[in-house]
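> There's a structure below that I have some questions on.
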Amino acid sequence: MSRINKNVILALLTLTSSAFLLFQLYYYKHYLSAKNGAGVSKSKGSQIGFDSTQWRAVKKFIMLTSSQNVPVFLIDPLILELINKDFEQVKNTSHGSTSECKFFCVPRDFTAFALRYHLWKNEEGWFRIAENMGFQCLKIESKDPRLDGIDSLSGTEIPLHYICRLANHAIHLVVFHERSGNYLWHGHLRLKGRMDRKFVPFRKLQFGRYPGAFDRPELQQITVDGLEVLIPKDPVHFLEEIPHSRFIECRYKEARAFFQQYLDDNTVEAMAFRKSAKELLQLAARTLKKLGVRFWLSSGTCLGWYRQCNIIPYSKDVDLGIFIQDYKSDIISAFQDVGLPLKHKFGKVEDSLELSFQGKDDVKLDIFFFYEETDHMWNGGTQAKTGKKFKYLFPKFTLCWTEFVDMKIHVPCETIDYIEANYGKTWKIPVKTWDWKRSPPNVRPNGVWSISEWDEVIQLY
Amino acid sequence: MDDWKPSSLIKPFGARKKRSWYLTWKYILTNQRALRRFCQTGAVLFLLVTVIVNIKLILDTRRAISEANGDSEAEQDYDEALGRLEPSRRRGSGPRRVLDVEVYSSRSKVYVAVDGTTVLEDEAREQGRGIHVIVLNQATGHVMAKRVFDTYSPHEDEAMVLFLNMVAPGRVLICTVKDEGSFHLKDTAKALLRSLGSQAGPALGWRDTWAFVGRKGGPVLGEKHSKSPALSSWGDPVLLKTDVPLSSAEEAECHWADTELNRRRRRFCSKVEGYGSVCSCKDPTPIEFSPDPLPDNKVLNVPVAVIAGNRPNYLYRMLRSLLSAQGVSPQMITVFIDGYYEEPMDVVALFGLRGIQHTPISIKNARVSQHYKASLTATFNLFPEARFAVVLEEDLDIAVDFFSFLSQSIHLLEEDDSLYCISAWNDQGYEHTAEDPALLYRVETMPGLGWVLRKSLYKEELEPKWPTPEKLWDWDMWMRMPEQRRGRECIIPDVSRSYHFGIVGLNMNGYFHEAYFKKHKFNTVPGVQLRNVDSLKKEAYEAEIHRLLSEAEVLDHSKNPCEDSFLPDTEGHTYVAFIRMEKDDDFVTWTQLAKCLHIWDLDVRGNHRGLWRLFRKKNHFLVVGVPASPYSVKKPPSITPIFLEPPPKEEGAPGAAEQT
């Protein structure tokens, strides 16, 4: 009996386990195919890591955008960095031959893409299809800043950000809008009252903390981890732009209020001056950009931007600032080449450098070089007749983008401090007589150039 | 761990079944030790494999579960957020089932109040005469349309019939008469009122007061009427108070297939009335047109600015024709609405377009002018890459080949600095004076009414000195001034690519429209290939004109140019006539000639250096002003230029001669 029992038990065990095994094999196969999505062929059994949620979310997102013709490109700094390191290899890899998921499987909370809004044709149905595919999406809209400069227009809101979540990974789609001045702009990600603040860890987002401005990148198609994506042709340049992309809008409302109080000068002379100043500024910006020299709007031009979003018609010149560490010796010749002869040069690279170029129609271009100290910045001035030196002190500042006379251009982010240092608390009141040696509250006497140096530090043409 | 359950079920089932198997095999196996051993080791191996697979499965499932948990936690958060929202939404939508409607009709005042809210009140003098009609949504009680038909005047009753026929069945109709509404209320209109169930409507008499509430196609919900006792007096004021039962939302809506387009349609149709078959439940008219794309479309990326006011029905008609034009790209269209009007915005949303509202600045013509400026600036801001913009108005029909026409000609604007604009409108292109859809002209006047503006012209010249609000100028008159135009010209087609259908407007009325716009020729032929476009460039055009004049047969100048027989009954000939024009601004004879030819005579339009080109009886007809025109050299010495005497001055001139 015991023998029979043993046999019975053994057979029973065998049968159960085989039934069990069959079931498990079936279930396992089922489970695997469900996990990797429909598109992954089972033959690529050797692939490593392709089952990560990040990769799956990106894959689904790319399927969605290509089927719906959503014009997107990859801007995720983390992934662009990785791609950039391995650029040659990535470029040479053809579709499907990757065996290891190296980029999109890296653990992270978000993958950032940019949407080129002006190329987007079917905005309407997209959201629903995304949700049908399993994404949970959040749309952040706001009013269109391009209409802000125009009195009294109210448009429909434009989308600024989409965040689409799949499992525990989210796609951050940053909407890039075309702006006057040949650049792309994205908005500030601001959660409105009724939005779900826990939707995703918003603090970890790479874009949207501030509005941003970028040069319009050329794009290229590459295959990364078996997925075809567009990325900027020059990822290095794009990556460099990201940390300095913060954009500030001109204060159009305040500017309108200013013009209500003081009325705009629309005389023929004022319009002519504005036109030539604008052309000079555009020419200078082009030239400096070609040289790769950072610059910003300074003094009167900066005040004009901040106070009235325009060039002050009686200012008579265009003022730019450049950090002395960005100085290049070929600045003067470059300006001469584009038809802007040097008018005077004061100081030297080590101290109080200031260049002045003669533009068309008697409009002057002044370039002030800024020197950095531990707790402040300064630029120098020189009185040609006496050789007296002056110093203009500014609190430390960083640079932001803004739009001015149809250009993307730098201004100090801490504009108000910069302007108040230069023009005092009463900068809002237009002043037509301005003595650069006495009027600015931040001017300090700084000794006299020794006569022996005059030939070098005071050059008039 | 639900997944494991089926296996525990299989166990007893399988065991029971296998027991009988075992009994038959028992005897065989006990006698064959080797075989049994073999089976035993096999079974053990089998078990081992099972264990390994099991372990792998457990590991995998674990990971899957932890992920799924993460998911569901997140989902819960989200659901909570939604849950918090929902109650408030529900609270708001506890609808009342009955509306309480008050309608008042009298000589000098009408008003309609729904649930205590006044939705119509008109007690202005000399205004709002006739039958006021209000349409309410039968499910929500919202006002969907508000119209007044001055049925004291002719043809207004036809408009009322048209409108009432368009209203969907089931809607609540409210009618009330102010002052007089019967004088031109014809039988068709009366029959329609009868079909609505009205007793007094069909019998409405001179200066009667009348208030009516009824359901379209359904029962009358209330009616009051007071007859006028005598010709010189009015009926007593009547006040109708009635309850209107609301029906359910499902009944009020059509059951269209659930598509993105129909969602737009539903939103539109539940808000407004009076757009006809776009809201009909069966077979509604399409709101997406997908016209053929244009091969090699040069204007695909040119933004289109539609300048609109509060004429939503016009806007609707205009957008339909625009979106049906070949080569249109809807995402380039922006509609600029002058004022915070809802209905035009609804129309824009119906077609899925971008709409921008503009806070009105200034008054009358200056308001239009400021609206233009803001719209143009906004257009170039929204499309910073664009070098041109197409400017349209809400009261234009757009020809099917509008974009094809622009695509073929837009390069001229880039290559020829002496051009000011390209316009789709020929001021002198009437049914009897325009013939050739492939022909283009150069003219010194800016016609507007569907035109292309160069960005550089706007940004560098026009925008900085655009007339300020206090100047009360017409934008188009200002643009035509020599300071702005600076001798530049516009390209126009012989046969217009736009049609001006608006009869209500700031500077427009029925008479004016009938006289100057109704008979305008409008191209309906698709894909017209323009002829010899490059000959429109400055020098080439002069050569072309000289060639034409050399070819042209000189007409008999002894005949009266106003007579039909002035031109011979031929076809395809080119004729020339010389009229007197002492100086560049002497248009005395031309104006008289224009008047008798029944073309635009309110100011001078369509001239090019003292030359006008038009068609008469299918012949090309050239008119040269002598001696001011440089083409006077072509005049044979024997010909004396025609002089037409202006009529003696008694000018009760018909107002402003412009077209916005």
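Going by the structure tokens order, chains are called A, B, ..., each with residues numbered from 1, while ligands are numbered from 1 in the order shown.
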Please list as a PyMOL selection string every residue within 8 Å of Ala213 (chain A), counting only C-alpha atoms and excluding residues in the same chain fewer than 5 positions away.

chain A and resi 183-186+245-247+401+408

> Restrict the selected residues to all heavy atoms and save them as a compact mmCIF listing (two decimals), in the first residue's frame.


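Result file is part-v9.txt:
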# COMPACT_ATOMS: atom_id res chain seq x y z
N TYR A 183 13.66 83.57 -33.62
CA TYR A 183 14.00 82.66 -32.53
C TYR A 183 12.75 81.93 -32.05
O TYR A 183 11.64 82.25 -32.45
CB TYR A 183 14.66 83.43 -31.39
CG TYR A 183 13.76 84.37 -30.65
CD1 TYR A 183 13.20 83.99 -29.43
CD2 TYR A 183 13.48 85.63 -31.14
CE1 TYR A 183 12.38 84.86 -28.73
CE2 TYR A 183 12.66 86.50 -30.44
CZ TYR A 183 12.11 86.11 -29.25
OH TYR A 183 11.29 86.96 -28.55
N LEU A 184 12.98 80.94 -31.21
CA LEU A 184 11.88 80.17 -30.66
C LEU A 184 11.71 80.53 -29.19
O LEU A 184 12.68 80.73 -28.48
CB LEU A 184 12.17 78.67 -30.78
CG LEU A 184 12.33 78.14 -32.20
CD1 LEU A 184 12.74 76.68 -32.17
CD2 LEU A 184 11.04 78.30 -32.98
N TRP A 185 10.48 80.55 -28.78
CA TRP A 185 10.18 80.94 -27.41
C TRP A 185 9.33 79.88 -26.75
O TRP A 185 8.47 79.29 -27.39
CB TRP A 185 9.42 82.27 -27.46
CG TRP A 185 8.87 82.74 -26.15
CD1 TRP A 185 9.50 83.52 -25.23
CD2 TRP A 185 7.56 82.47 -25.62
NE1 TRP A 185 8.66 83.75 -24.15
CE2 TRP A 185 7.47 83.11 -24.37
CE3 TRP A 185 6.46 81.75 -26.06
CZ2 TRP A 185 6.34 83.06 -23.57
CZ3 TRP A 185 5.32 81.68 -25.27
CH2 TRP A 185 5.28 82.34 -24.03
N HIS A 186 9.59 79.59 -25.49
CA HIS A 186 8.64 78.74 -24.75
C HIS A 186 8.24 79.45 -23.47
O HIS A 186 8.96 80.30 -22.95
CB HIS A 186 9.21 77.35 -24.48
CG HIS A 186 10.26 77.31 -23.41
ND1 HIS A 186 9.96 77.42 -22.07
CD2 HIS A 186 11.60 77.18 -23.50
CE1 HIS A 186 11.08 77.35 -21.38
NE2 HIS A 186 12.10 77.23 -22.21
N SER A 245 18.91 80.30 -21.09
CA SER A 245 17.81 80.56 -22.02
C SER A 245 16.72 81.46 -21.43
O SER A 245 15.79 81.80 -22.12
CB SER A 245 17.18 79.24 -22.45
OG SER A 245 16.59 78.62 -21.33
N ARG A 246 16.85 81.84 -20.18
CA ARG A 246 15.76 82.58 -19.53
C ARG A 246 15.40 83.85 -20.31
O ARG A 246 16.26 84.61 -20.73
CB ARG A 246 16.17 82.95 -18.11
CG ARG A 246 15.05 83.61 -17.35
CD ARG A 246 15.45 83.90 -15.94
NE ARG A 246 14.49 84.82 -15.34
CZ ARG A 246 14.67 85.43 -14.20
NH1 ARG A 246 15.78 85.22 -13.51
NH2 ARG A 246 13.75 86.26 -13.73
N PHE A 247 14.10 84.03 -20.47
CA PHE A 247 13.60 85.12 -21.31
C PHE A 247 12.72 86.03 -20.46
O PHE A 247 11.93 85.55 -19.66
CB PHE A 247 12.78 84.51 -22.45
CG PHE A 247 12.18 85.50 -23.39
CD1 PHE A 247 12.90 85.91 -24.51
CD2 PHE A 247 10.92 86.04 -23.19
CE1 PHE A 247 12.36 86.83 -25.42
CE2 PHE A 247 10.38 86.96 -24.08
CZ PHE A 247 11.11 87.34 -25.19
N TRP A 401 17.45 86.84 -21.99
CA TRP A 401 17.02 87.23 -23.33
C TRP A 401 15.77 88.09 -23.25
O TRP A 401 14.96 87.94 -22.35
CB TRP A 401 16.69 86.01 -24.18
CG TRP A 401 17.86 85.17 -24.53
CD1 TRP A 401 18.11 83.91 -24.08
CD2 TRP A 401 18.95 85.53 -25.39
NE1 TRP A 401 19.30 83.46 -24.62
CE2 TRP A 401 19.83 84.43 -25.43
CE3 TRP A 401 19.26 86.68 -26.13
CZ2 TRP A 401 21.00 84.43 -26.17
CZ3 TRP A 401 20.43 86.67 -26.88
CH2 TRP A 401 21.29 85.56 -26.90
N LYS A 408 16.13 89.05 -30.88
CA LYS A 408 16.36 88.41 -29.59
C LYS A 408 17.67 88.97 -29.08
O LYS A 408 18.69 88.89 -29.76
CB LYS A 408 16.46 86.90 -29.78
CG LYS A 408 16.75 86.13 -28.52
CD LYS A 408 16.86 84.65 -28.82
CE LYS A 408 18.28 84.24 -28.59
NZ LYS A 408 18.73 82.97 -28.96

> Just list the residues in region 85-320 of chain A DSSP gives alpha helix (DSSP H) on the backbone, as a ChimeraX atom specification.

/A:85,87-92,123-132,235-241,252-262,268-291,299-308

> Residues of chain A that have any atom at most 7 Å from an atom of chain B: could you tabulate them with the shortest-distance atom pair and the distance in Å to one decimal, using only C-alpha atoms, ordered by chain and increasing number, as a tab-separated table?


residue	atom	partner	partner_atom	distance
A:Leu12	CA	B:Ala15	CA	6.2
A:Thr14	CA	B:Ala43	CA	5.5
A:Thr16	CA	B:Lys11	CA	5.7
A:Ser17	CA	B:Leu47	CA	6.5
A:Phe20	CA	B:Ser7	CA	6.1
A:Leu21	CA	B:Thr50	CA	5.7
A:Tyr28	CA	B:Leu57	CA	6.9
A:Lys121	CA	B:Gln331	CA	6.6
A:Gly125	CA	B:Glu260	CA	6.5
A:Arg146	CA	B:Asn381	CA	5.7
A:Leu147	CA	B:Ala378	CA	6.0
A:Ile150	CA	B:Ala374	CA	6.3
A:Ser152	CA	B:Thr359	CA	5.1
A:Leu153	CA	B:His358	CA	4.5
A:Ser154	CA	B:Gln357	CA	5.1
A:Gly155	CA	B:Ile356	CA	4.1
A:Thr156	CA	B:Ile356	CA	6.3
A:Ala167	CA	B:Asp71	CA	5.4
A:Asn168	CA	B:Asp71	CA	6.3
A:Glu178	CA	B:Pro384	CA	6.6
A:Arg179	CA	B:Pro384	CA	5.7
A:Ser180	CA	B:Pro384	CA	4.6
A:Asp196	CA	B:Ala81	CA	6.3
A:Phe199	CA	B:Tyr78	CA	6.8

> Provide the CA of Tyr210 (chain A) to CA of Ile222 (chain A) distance in Å, to one decimal place.

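Atom-to-atom, CA of Tyr210 (chain A) and CA of Ile222 (chain A) are spaced 29.2 Å apart.
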
> Extract, using only C-alpha atoms, all DNA, RNA and protein residues at most 9 Å from region 421-423 of chain A, discarding same-chain residues fewer than 6 positions from it, and format them as a JSON list (two decimals) with N, CA and C atoms, in the first residue's frame.


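After the write, out20.json holds the following:
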[["chain", "number", "residue", "atom", "x", "y", "z"],
["A", 299, "SER", "N", 22.69, 101.30, -20.54],
["A", 299, "SER", "CA", 22.35, 102.73, -20.40],
["A", 299, "SER", "C", 21.01, 103.09, -21.02],
["A", 303, "LEU", "N", 17.25, 101.46, -20.83],
["A", 303, "LEU", "CA", 16.15, 102.21, -20.21],
["A", 303, "LEU", "C", 14.96, 102.31, -21.17],
["A", 392, "TYR", "N", 31.54, 103.74, -13.14],
["A", 392, "TYR", "CA", 30.09, 103.58, -12.93],
["A", 392, "TYR", "C", 29.85, 102.22, -12.30],
["A", 393, "LEU", "N", 29.26, 102.23, -11.10],
["A", 393, "LEU", "CA", 29.12, 100.99, -10.35],
["A", 393, "LEU", "C", 27.74, 100.37, -10.54],
["A", 394, "PHE", "N", 27.73, 99.07, -10.67],
["A", 394, "PHE", "CA", 26.46, 98.35, -10.81],
["A", 394, "PHE", "C", 26.45, 97.15, -9.87],
["A", 395, "PRO", "N", 25.28, 96.82, -9.31],
["A", 395, "PRO", "CA", 25.20, 95.55, -8.57],
["A", 395, "PRO", "C", 25.39, 94.39, -9.56],
["A", 439, "SER", "N", 25.28, 113.37, -13.81],
["A", 439, "SER", "CA", 23.91, 112.93, -13.53],
["A", 439, "SER", "C", 23.76, 111.52, -12.96],
["A", 440, "PRO", "N", 24.48, 110.53, -13.46],
["A", 440, "PRO", "CA", 24.21, 109.17, -12.94],
["A", 440, "PRO", "C", 24.53, 109.05, -11.47],
["A", 441, "PRO", "N", 23.64, 108.46, -10.68],
["A", 441, "PRO", "CA", 23.92, 108.32, -9.25],
["A", 441, "PRO", "C", 25.05, 107.33, -8.97],
["A", 442, "ASN", "N", 25.42, 106.51, -9.96],
["A", 442, "ASN", "CA", 26.45, 105.51, -9.68],
["A", 442, "ASN", "C", 27.84, 105.93, -10.18],
["A", 443, "VAL", "N", 28.00, 107.22, -10.53],
["A", 443, "VAL", "CA", 29.31, 107.65, -11.03],
["A", 443, "VAL", "C", 30.26, 107.97, -9.87]]

> Residues within 10 Å of Gln68 (chain A), please, as a list of chain:residue names. Count only C-alpha atoms; anything in the same chain fewer than 2 positions from it doesn't count.

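Within the cut-off, the hits are A:Ile62, A:Met63, A:Leu64, A:Thr65, A:Ser66, A:Val70, A:Pro71, A:Trp120, A:Lys121, A:Asn122, A:Glu123, A:Gly125, A:Trp126, A:Ile129, A:Ala130.
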
> Within 12 Å of Gln220 (chain A), counting only C-alpha atoms, which residues qualify if same-chain residues fewer than 5 places away don't, as JSON, numbers by chain?

{"A": [72, 73, 74, 91, 228, 229, 230, 231, 232, 233, 234, 235]}

> Write to file, as a compact mmCIF listing (two decimals), in the first residue's frame, the residues of the selection just made, with C-alpha atoms.


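Saved result, selection36.txt, follows:
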# COMPACT_ATOMS: atom_id res chain seq x y z
CA VAL A 72 8.45 67.34 -32.22
CA PHE A 73 12.14 67.06 -31.53
CA LEU A 74 14.12 65.81 -28.59
CA LYS A 91 24.89 58.44 -36.19
CA GLU A 228 13.68 57.42 -34.70
CA VAL A 229 13.83 60.90 -33.28
CA LEU A 230 14.69 64.38 -34.44
CA ILE A 231 17.36 66.18 -32.45
CA PRO A 232 19.12 69.53 -32.95
CA LYS A 233 21.83 69.22 -35.56
CA ASP A 234 24.23 70.89 -33.20
CA PRO A 235 23.39 69.34 -29.83

> CA of His344 (chain A) and CA of Tyr461 (chain A), how far apart in Å?

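CA of His344 (chain A) lies at a distance of 5.8 Å from CA of Tyr461 (chain A).
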
> Quick one: residues within 7 Å of Glu223 (chain B), only C-alpha atoms, excluding same-chain residues fewer than 3 positions away - as a list in words?

Ala211, Phe212, Val213 and Leu240 of chain B

> One decimal, in Å: what's the spacing between CA of Leu263 (chain A) and CA of Glu461 (chain B)?

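A separation of 20.4 Å between them.
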
> Counting only C-alpha atoms, what is within 10 Å of Leu239 (chain A), bar same-chain residues fewer than 5 positions away, as a ChimeraX atom specification?

/A:75-78,80-81,84,232,234,244

> Could you dump the residues just selected with all heavy atoms as a PDB file, in the first residue's frame?


ATOM      1  N   ILE A  75      14.651  67.384 -26.813  1.00  0.00           N
ATOM      2  CA  ILE A  75      15.463  68.443 -26.219  1.00  0.00           C
ATOM      3  C   ILE A  75      15.914  68.060 -24.816  1.00  0.00           C
ATOM      4  O   ILE A  75      16.450  68.867 -24.080  1.00  0.00           O
ATOM      5  CB  ILE A  75      14.701  69.785 -26.140  1.00  0.00           C
ATOM      6  CG1 ILE A  75      13.359  69.591 -25.450  1.00  0.00           C
ATOM      7  CG2 ILE A  75      14.533  70.406 -27.502  1.00  0.00           C
ATOM      8  CD1 ILE A  75      12.679  70.891 -25.082  1.00  0.00           C
ATOM      9  N   ASP A  76      15.681  66.812 -24.456  1.00  0.00           N
ATOM     10  CA  ASP A  76      16.010  66.419 -23.096  1.00  0.00           C
ATOM     11  C   ASP A  76      17.510  66.555 -22.850  1.00  0.00           C
ATOM     12  O   ASP A  76      18.321  65.908 -23.509  1.00  0.00           O
ATOM     13  CB  ASP A  76      15.582  64.972 -22.876  1.00  0.00           C
ATOM     14  CG  ASP A  76      15.520  64.657 -21.406  1.00  0.00           C
ATOM     15  OD1 ASP A  76      16.562  64.292 -20.832  1.00  0.00           O
ATOM     16  OD2 ASP A  76      14.436  64.831 -20.829  1.00  0.00           O
ATOM     17  N   PRO A  77      17.913  67.408 -21.904  1.00  0.00           N
ATOM     18  CA  PRO A  77      19.345  67.664 -21.725  1.00  0.00           C
ATOM     19  C   PRO A  77      20.127  66.407 -21.366  1.00  0.00           C
ATOM     20  O   PRO A  77      21.219  66.186 -21.876  1.00  0.00           O
ATOM     21  CB  PRO A  77      19.402  68.678 -20.584  1.00  0.00           C
ATOM     22  CG  PRO A  77      18.021  68.996 -20.191  1.00  0.00           C
ATOM     23  CD  PRO A  77      17.068  68.200 -20.997  1.00  0.00           C
ATOM     24  N   LEU A  78      19.541  65.571 -20.508  1.00  0.00           N
ATOM     25  CA  LEU A  78      20.238  64.360 -20.072  1.00  0.00           C
ATOM     26  C   LEU A  78      20.523  63.447 -21.258  1.00  0.00           C
ATOM     27  O   LEU A  78      21.648  62.969 -21.456  1.00  0.00           O
ATOM     28  CB  LEU A  78      19.355  63.651 -19.037  1.00  0.00           C
ATOM     29  CG  LEU A  78      19.907  62.365 -18.443  1.00  0.00           C
ATOM     30  CD1 LEU A  78      21.078  62.682 -17.551  1.00  0.00           C
ATOM     31  CD2 LEU A  78      18.821  61.634 -17.669  1.00  0.00           C
ATOM     32  N   LEU A  80      20.314  64.213 -24.549  1.00  0.00           N
ATOM     33  CA  LEU A  80      21.137  64.865 -25.572  1.00  0.00           C
ATOM     34  C   LEU A  80      22.617  64.791 -25.183  1.00  0.00           C
ATOM     35  O   LEU A  80      23.483  64.573 -26.020  1.00  0.00           O
ATOM     36  CB  LEU A  80      20.729  66.318 -25.755  1.00  0.00           C
ATOM     37  CG  LEU A  80      19.473  66.590 -26.589  1.00  0.00           C
ATOM     38  CD1 LEU A  80      19.257  68.088 -26.740  1.00  0.00           C
ATOM     39  CD2 LEU A  80      19.571  65.935 -27.960  1.00  0.00           C
ATOM     40  N   GLU A  81      22.860  64.946 -23.902  1.00  0.00           N
ATOM     41  CA  GLU A  81      24.236  64.854 -23.396  1.00  0.00           C
ATOM     42  C   GLU A  81      24.814  63.477 -23.691  1.00  0.00           C
ATOM     43  O   GLU A  81      25.927  63.343 -24.215  1.00  0.00           O
ATOM     44  CB  GLU A  81      24.207  65.103 -21.882  1.00  0.00           C
ATOM     45  CG  GLU A  81      25.536  65.377 -21.247  1.00  0.00           C
ATOM     46  CD  GLU A  81      25.927  66.832 -21.397  1.00  0.00           C
ATOM     47  OE1 GLU A  81      25.168  67.706 -20.910  1.00  0.00           O
ATOM     48  OE2 GLU A  81      26.957  67.083 -22.017  1.00  0.00           O
ATOM     49  N   ASN A  84      25.299  63.021 -27.342  1.00  0.00           N
ATOM     50  CA  ASN A  84      26.421  63.820 -27.790  1.00  0.00           C
ATOM     51  C   ASN A  84      27.752  63.130 -27.517  1.00  0.00           C
ATOM     52  O   ASN A  84      28.656  63.148 -28.339  1.00  0.00           O
ATOM     53  CB  ASN A  84      26.352  65.182 -27.102  1.00  0.00           C
ATOM     54  CG  ASN A  84      27.345  66.143 -27.689  1.00  0.00           C
ATOM     55  OD1 ASN A  84      27.512  66.159 -28.908  1.00  0.00           O
ATOM     56  ND2 ASN A  84      28.000  66.903 -26.855  1.00  0.00           N
ATOM     57  N   PRO A 232      18.418  68.391 -32.339  1.00  0.00           N
ATOM     58  CA  PRO A 232      19.117  69.528 -32.946  1.00  0.00           C
ATOM     59  C   PRO A 232      20.386  69.045 -33.633  1.00  0.00           C
ATOM     60  O   PRO A 232      21.073  68.157 -33.127  1.00  0.00           O
ATOM     61  CB  PRO A 232      19.448  70.420 -31.747  1.00  0.00           C
ATOM     62  CG  PRO A 232      18.462  70.051 -30.699  1.00  0.00           C
ATOM     63  CD  PRO A 232      18.190  68.592 -30.901  1.00  0.00           C
ATOM     64  N   ASP A 234      23.078  70.539 -34.010  1.00  0.00           N
ATOM     65  CA  ASP A 234      24.234  70.888 -33.203  1.00  0.00           C
ATOM     66  C   ASP A 234      23.845  70.757 -31.731  1.00  0.00           C
ATOM     67  O   ASP A 234      23.537  71.740 -31.064  1.00  0.00           O
ATOM     68  CB  ASP A 234      24.647  72.330 -33.535  1.00  0.00           C
ATOM     69  CG  ASP A 234      25.917  72.734 -32.820  1.00  0.00           C
ATOM     70  OD1 ASP A 234      26.421  71.928 -32.010  1.00  0.00           O
ATOM     71  OD2 ASP A 234      26.390  73.848 -33.062  1.00  0.00           O
ATOM     72  N   HIS A 244      21.237  79.235 -20.126  1.00  0.00           N
ATOM     73  CA  HIS A 244      21.142  80.692 -20.265  1.00  0.00           C
ATOM     74  C   HIS A 244      19.945  81.110 -21.095  1.00  0.00           C
ATOM     75  O   HIS A 244      19.969  82.132 -21.757  1.00  0.00           O
ATOM     76  CB  HIS A 244      22.408  81.232 -20.929  1.00  0.00           C
ATOM     77  CG  HIS A 244      23.657  80.727 -20.301  1.00  0.00           C
ATOM     78  ND1 HIS A 244      24.048  81.122 -19.049  1.00  0.00           N
ATOM     79  CD2 HIS A 244      24.581  79.834 -20.718  1.00  0.00           C
ATOM     80  CE1 HIS A 244      25.170  80.496 -18.737  1.00  0.00           C
ATOM     81  NE2 HIS A 244      25.509  79.708 -19.733  1.00  0.00           N
TER      82      HIS A 244
END
